[in-house]
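data.tsv follows (TSV, C-alpha atoms):
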```tsv
chain	number	residue	atom	x	y	z
A	1	MET	CA	16.00	-5.63	-5.90
A	2	LYS	CA	19.22	-7.14	-7.15
A	3	SER	CA	22.22	-4.94	-7.97
A	4	TYR	CA	24.46	-5.50	-10.97
A	5	THR	CA	27.84	-4.04	-11.92
A	6	ALA	CA	29.51	-3.77	-15.33
A	7	LYS	CA	31.95	-1.53	-17.19
A	8	THR	CA	29.17	0.39	-18.90
A	9	LEU	CA	25.42	0.73	-18.46
A	10	GLU	CA	24.89	-0.78	-21.91
A	11	ASP	CA	26.95	-3.85	-20.98
A	12	LEU	CA	25.09	-4.13	-17.67
A	13	LEU	CA	21.64	-4.04	-19.26
A	14	GLN	CA	22.59	-6.47	-22.01
A	15	SER	CA	23.90	-8.92	-19.40
A	16	VAL	CA	20.79	-8.63	-17.22
A	17	ALA	CA	18.48	-9.02	-20.22
A	18	ALA	CA	20.27	-12.24	-21.17
A	19	GLU	CA	20.10	-13.52	-17.58
A	20	LYS	CA	16.37	-12.82	-17.34
A	21	ASN	CA	15.66	-14.04	-20.87
A	22	THR	CA	14.07	-10.75	-21.89
A	23	THR	CA	14.93	-7.61	-23.88
A	24	VAL	CA	16.62	-4.46	-22.66
A	25	ASP	CA	13.51	-2.35	-23.30
A	26	GLN	CA	11.62	-4.50	-20.79
A	27	LEU	CA	14.03	-3.64	-17.98
A	28	THR	CA	13.62	-0.93	-15.37
A	29	TYR	CA	16.83	0.27	-13.73
A	30	THR	CA	18.25	2.81	-11.30
A	31	VAL	CA	21.95	3.67	-11.39
A	32	THR	CA	23.27	3.60	-7.81
A	33	GLU	CA	27.00	4.12	-8.40
A	34	GLU	CA	29.34	5.24	-11.19
A	35	LYS	CA	33.14	5.03	-11.17
A	36	ASN	CA	35.06	6.86	-13.87
A	37	GLY	CA	38.38	5.11	-13.26
A	38	PHE	CA	41.67	6.47	-14.63
A	39	LEU	CA	42.32	6.84	-18.35
A	40	GLY	CA	39.35	4.58	-19.02
A	41	PHE	CA	40.59	1.81	-16.73
A	42	GLY	CA	38.55	0.71	-13.73
A	43	SER	CA	35.35	2.39	-14.92
A	44	SER	CA	32.16	0.74	-13.74
A	45	VAL	CA	28.43	1.25	-13.30
A	46	THR	CA	26.24	-0.31	-10.61
A	47	ALA	CA	22.47	-0.36	-10.93
A	48	THR	CA	19.42	-2.07	-9.51
A	49	VAL	CA	17.45	-3.73	-12.29
A	50	PHE	CA	14.18	-5.61	-12.55
A	51	ALA	CA	11.95	-7.03	-15.27
A	52	PRO	CA	8.16	-7.58	-15.31
A	53	ALA	CA	8.74	-11.24	-14.47
A	54	ASP	CA	10.39	-10.15	-11.20
A	55	VAL	CA	7.29	-8.16	-10.27
A	56	GLN	CA	5.03	-11.10	-11.12
A	57	GLU	CA	7.18	-13.42	-9.01
A	58	PHE	CA	7.14	-11.01	-6.06
A	59	ILE	CA	3.35	-10.65	-6.20
A	60	LYS	CA	2.80	-14.41	-6.34
A	61	ASN	CA	5.27	-15.14	-3.53
A	62	TYR	CA	3.89	-12.35	-1.35
A	63	LEU	CA	0.33	-13.66	-1.63
A	64	ALA	CA	1.43	-17.28	-1.27
A	65	THR	CA	3.17	-16.44	2.02
A	66	PHE	CA	0.19	-14.39	3.19
A	67	PHE	CA	-2.28	-17.23	2.69
A	68	GLU	CA	0.12	-19.91	3.94
A	69	ASN	CA	0.36	-18.03	7.23
A	70	LEU	CA	-3.44	-18.19	7.41
A	71	ASP	CA	-3.38	-21.91	6.53
A	72	PHE	CA	-5.66	-21.03	3.62
A	73	PRO	CA	-5.03	-23.11	0.45
A	74	ILE	CA	-5.41	-21.01	-2.69
A	75	ASP	CA	-4.51	-20.92	-6.39
A	76	ILE	CA	-2.71	-17.77	-7.55
A	77	THR	CA	-2.22	-16.67	-11.16
A	78	VAL	CA	-0.40	-13.44	-12.12
A	79	THR	CA	-0.40	-12.08	-15.68
A	80	LEU	CA	0.69	-8.79	-17.26
A	81	GLU	CA	-1.44	-7.03	-19.85
A	82	ASP	CA	-1.31	-3.39	-20.98
A	83	ASN	CA	1.02	-2.43	-18.10
A	84	THR	CA	-1.46	-3.85	-15.58
A	85	TYR	CA	-0.75	-6.84	-13.37
A	86	HIS	CA	-3.83	-9.04	-13.18
A	87	VAL	CA	-3.90	-11.29	-10.12
A	88	ASP	CA	-6.51	-14.07	-10.02
A	89	LEU	CA	-7.22	-15.94	-6.80
A	90	ASN	CA	-9.35	-19.03	-6.37
A	91	ALA	CA	-10.03	-21.00	-3.18
A	92	GLU	CA	-12.64	-23.32	-1.74
A	93	ASN	CA	-14.21	-20.39	0.09
A	94	ASN	CA	-13.82	-17.30	-2.08
A	95	ALA	CA	-16.46	-15.39	-0.10
A	96	ILE	CA	-14.02	-15.00	2.82
A	97	ILE	CA	-11.46	-13.31	0.57
A	98	ILE	CA	-14.04	-11.04	-1.05
A	99	GLY	CA	-15.75	-9.98	2.19
A	100	ARG	CA	-18.92	-7.98	2.51
A	101	GLY	CA	-19.33	-5.72	-0.49
A	102	GLY	CA	-15.81	-6.62	-1.60
A	103	GLN	CA	-14.22	-4.85	1.40
A	104	SER	CA	-11.78	-7.64	2.28
A	105	LEU	CA	-10.66	-7.93	-1.34
A	106	HIS	CA	-10.21	-4.17	-1.54
A	107	GLY	CA	-8.14	-4.14	1.65
A	108	LEU	CA	-5.92	-6.96	0.41
A	109	SER	CA	-5.50	-5.14	-2.90
A	110	GLN	CA	-4.21	-2.05	-1.11
A	111	VAL	CA	-1.77	-4.06	1.01
A	112	LEU	CA	-0.46	-5.90	-2.05
A	113	ARG	CA	-0.11	-2.71	-4.09
A	114	ASN	CA	1.76	-0.91	-1.29
A	115	ALA	CA	4.10	-3.87	-0.74
A	116	THR	CA	4.89	-4.12	-4.46
A	117	ASN	CA	5.40	-0.37	-4.85
A	118	ASN	CA	7.73	-0.30	-1.85
A	119	ARG	CA	9.70	-3.32	-3.04
A	120	PHE	CA	10.45	-1.90	-6.48
A	121	LYS	CA	10.30	1.83	-5.65
A	122	GLN	CA	7.75	2.40	-8.40
A	123	ARG	CA	3.98	2.65	-8.70
A	124	PHE	CA	2.19	-0.28	-10.33
A	125	TYR	CA	-1.38	-0.81	-11.42
A	126	ILE	CA	-2.55	-4.12	-9.96
A	127	ILE	CA	-6.01	-5.67	-10.25
A	128	LEU	CA	-6.70	-8.35	-7.66
A	129	ASP	CA	-9.64	-10.59	-8.55
A	130	VAL	CA	-11.28	-13.63	-6.99
A	131	ASN	CA	-12.86	-16.11	-9.40
A	132	ASN	CA	-13.88	-13.25	-11.75
A	133	TYR	CA	-15.64	-11.29	-8.96
A	134	LYS	CA	-13.93	-8.05	-9.97
A	135	GLU	CA	-14.51	-8.68	-13.66
A	136	GLU	CA	-18.23	-9.08	-13.02
A	137	ARG	CA	-18.21	-6.09	-10.68
A	138	HIS	CA	-16.49	-3.93	-13.31
A	139	SER	CA	-19.12	-4.99	-15.84
A	140	LYS	CA	-21.88	-3.86	-13.47
A	141	VAL	CA	-20.10	-0.56	-12.75
A	142	SER	CA	-19.70	0.06	-16.49
A	143	SER	CA	-23.43	-0.56	-17.03
A	144	LEU	CA	-24.22	1.83	-14.18
A	145	ALA	CA	-21.96	4.48	-15.73
A	146	ARG	CA	-23.66	4.20	-19.13
A	147	ARG	CA	-27.14	4.44	-17.60
A	148	ILE	CA	-26.34	7.45	-15.43
A	149	GLY	CA	-24.28	9.09	-18.19
A	150	LYS	CA	-27.23	8.94	-20.60
A	151	ASN	CA	-29.49	10.36	-17.90
A	152	VAL	CA	-27.10	13.27	-17.30
A	153	GLN	CA	-27.01	13.92	-21.06
A	154	LYS	CA	-30.80	13.98	-21.14
A	155	THR	CA	-31.51	16.01	-17.99
A	156	ARG	CA	-28.33	18.12	-17.95
A	157	ILE	CA	-28.21	17.53	-14.18
A	158	ASP	CA	-24.92	16.40	-12.66
A	159	ALA	CA	-24.83	13.09	-10.80
A	160	THR	CA	-22.66	12.21	-7.79
A	161	LEU	CA	-21.99	8.51	-7.34
A	162	ASP	CA	-21.38	6.62	-4.10
A	163	PRO	CA	-17.76	6.28	-2.91
A	164	MET	CA	-15.94	3.43	-4.65
A	165	PRO	CA	-12.43	1.96	-4.97
A	166	ASN	CA	-9.89	3.37	-7.42
A	167	ASP	CA	-10.28	0.55	-9.96
A	168	GLU	CA	-14.06	1.05	-10.12
A	169	ARG	CA	-13.70	4.82	-10.48
A	170	LYS	CA	-11.32	4.16	-13.37
A	171	VAL	CA	-14.00	2.02	-15.04
A	172	ILE	CA	-16.45	4.96	-14.76
A	173	HIS	CA	-13.95	7.39	-16.30
A	174	GLN	CA	-13.08	5.01	-19.15
A	175	THR	CA	-16.69	4.09	-19.91
A	176	LEU	CA	-17.80	7.72	-20.23
A	177	SER	CA	-14.62	9.15	-21.79
A	178	ASN	CA	-16.19	9.46	-25.25
A	179	TYR	CA	-19.71	10.50	-24.22
A	180	ASP	CA	-20.76	13.84	-25.72
A	181	HIS	CA	-21.28	16.67	-23.20
A	182	ILE	CA	-20.10	14.49	-20.34
A	183	GLU	CA	-17.13	15.02	-18.02
A	184	THR	CA	-16.17	12.82	-15.08
A	185	ILE	CA	-14.11	13.96	-12.10
A	186	SER	CA	-13.11	12.31	-8.82
A	187	GLU	CA	-13.53	14.17	-5.54
A	188	GLY	CA	-12.98	13.35	-1.89
A	189	ASP	CA	-10.26	11.60	0.07
A	190	GLY	CA	-9.50	7.98	0.86
A	191	ALA	CA	-12.47	5.67	1.20
A	192	MET	CA	-14.85	8.59	0.56
A	193	ARG	CA	-13.48	9.41	-2.90
A	194	ARG	CA	-16.26	9.33	-5.50
A	195	VAL	CA	-16.99	10.16	-9.12
A	196	ILE	CA	-19.09	13.10	-10.26
A	197	ILE	CA	-20.62	12.86	-13.74
A	198	LYS	CA	-21.03	16.43	-15.02
A	199	TYR	CA	-22.87	17.86	-17.99
A	200	ILE	CA	-20.79	20.26	-20.10
A	201	ASP	CA	-21.86	22.35	-23.12
```
Written as structure tokens, that's how I'd like the structure from this file.
Amino acid sequence: MKSYTAKTLEDLLQSVAAEKNTTVDQLTYTVTEEKNGFLGFGSSVTATVFAPADVQEFIKNYLATFFENLDFPIDITVTLEDNTYHVDLNAENNAIIIGRGGQSLHGLSQVLRNATNNRFKQRFYIILDVNNYKEERHSKVSSLARRIGKNVQKTRIDATLDPMPNDERKVIHQTLSNYDHIETISEGDGAMRRVIIKYID
């Protein structure tokens, strides 16, 4: 991340916002150094600052370099919506990126998320999709959640789902969040983490 220095934090953020053509409230910053000066002279603040556009640029460049090293031509689109970075990939052979059961896509998602988090020292929610594969997969997971949720309501018997990635577990939780007498919890570690749909009175 780039560091900036100004007399005050307010001046610093205003300057960065103008440089990045955004607003101060869109900036994320960490103060790394403060100098009080003498009688108000020589005071300064240094901070690392980034905007959402910087994150989008990093994600796109990271993936572009990754696929260039594989000599794998691909189109990359990165958008931000509701604090989630949506990354859409499209190539001549999307099946290679997706892998069996989406495993390759899931692995690439983890690598990208870790690289982005490490770069900006912050946790981000990133959805990596290939030609709407994830969107269609999320739709199927949501349908599964509704079907099993209704069955748990009817039978009052808890249901334990198969292990699934974090983004798919989130779909389950969101889909059933307003179902009467239903509670969803995640249990397990790593690749074995799964959702349990429980009946509650």
Subject >> Distance query region 127-133 of chain A at most 7 Å, only C-alpha atoms, self and fewer than 2 positions along chain excluded, as a list in words >> reply: Tyr85, His86, Val87, Asp88, Leu89, Asn90, Asn94, Ser109, Tyr125, Glu135, Glu136 and Arg137 of chain A
**OP:** For each of A:Thr5, A:Gly188, A:Glu10, A:Ile126, take the minimum atom-to-atom distance to Val55 (chain A), counting all atoms listed in the file, then give the residue where this is smallest.
**Re:** A:Ile126
Subject >> Residue with smallest distance to Val171 (chain A) - pool A:Asn151, A:Phe58, A:Arg194, A:Ala145, counting all atoms listed in the file >> reply: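 Counting all atoms listed in the file, the residue closest to Val171 (chain A) is A:Ala145.
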**OP:** Show which residues sit within 7 Å of Ala91 (chain A), as a list in words. Count only C-alpha atoms, and ignore same-chain residues fewer than 3 positions away.
**Re:**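 Answer for this query is Pro73, Ile74, Asp75 and Asn94 of chain A.
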Original post:
From the list A:Thr184, A:Thr116, A:Asn178, A:Gln103, which residue is nearest Pro165 (chain A) when using only C-alpha atoms?
Top reply: A:Gln103
Original post:
Can you list, as an MDAnalysis selection string, every protein, DNA or RNA residue that comes within 12 Å of Tyr199 (chain A) when you count all atoms listed in the file, leaving out same-chain residues fewer than 4 positions away?
Top reply: chainID A and resid 148:160 176 179:185
Original post:
Taking into account only C-alpha atoms, which residue in the set A:Ile172, A:Val195, A:Met1, A:Ala51 is nearest to Val24 (chain A)?
Top reply: A:Ala51
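Between CA of Ala191 (chain A) and CA of Arg147 (chain A) there is a distance of 23.9 Å.
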Subject >> Among the residues A:Leu80, A:Val45, A:Ala95, A:Leu12, the one that comes closest to Phe124 (chain A) [using all atoms listed in the file] >> reply: A:Leu80
**OP:** Would you work out the distance separating CA of Thr84 (chain A) from CA of Ile97 (chain A), expressed in Å to one decimal?
**Re:**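 Going from CA of Thr84 (chain A) over to CA of Ile97 (chain A) covers 21.2 Å.
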**OP:** Within 10 Å of region 118-122 of chain A, counting all atoms listed in the file, which residues show up once you throw out same-chain ones fewer than 3 positions away? Write them as JSON, numbers by chain, please.
**Re:** {"A": [1, 28, 29, 30, 48, 49, 50, 54, 55, 58, 112, 113, 114, 115]}
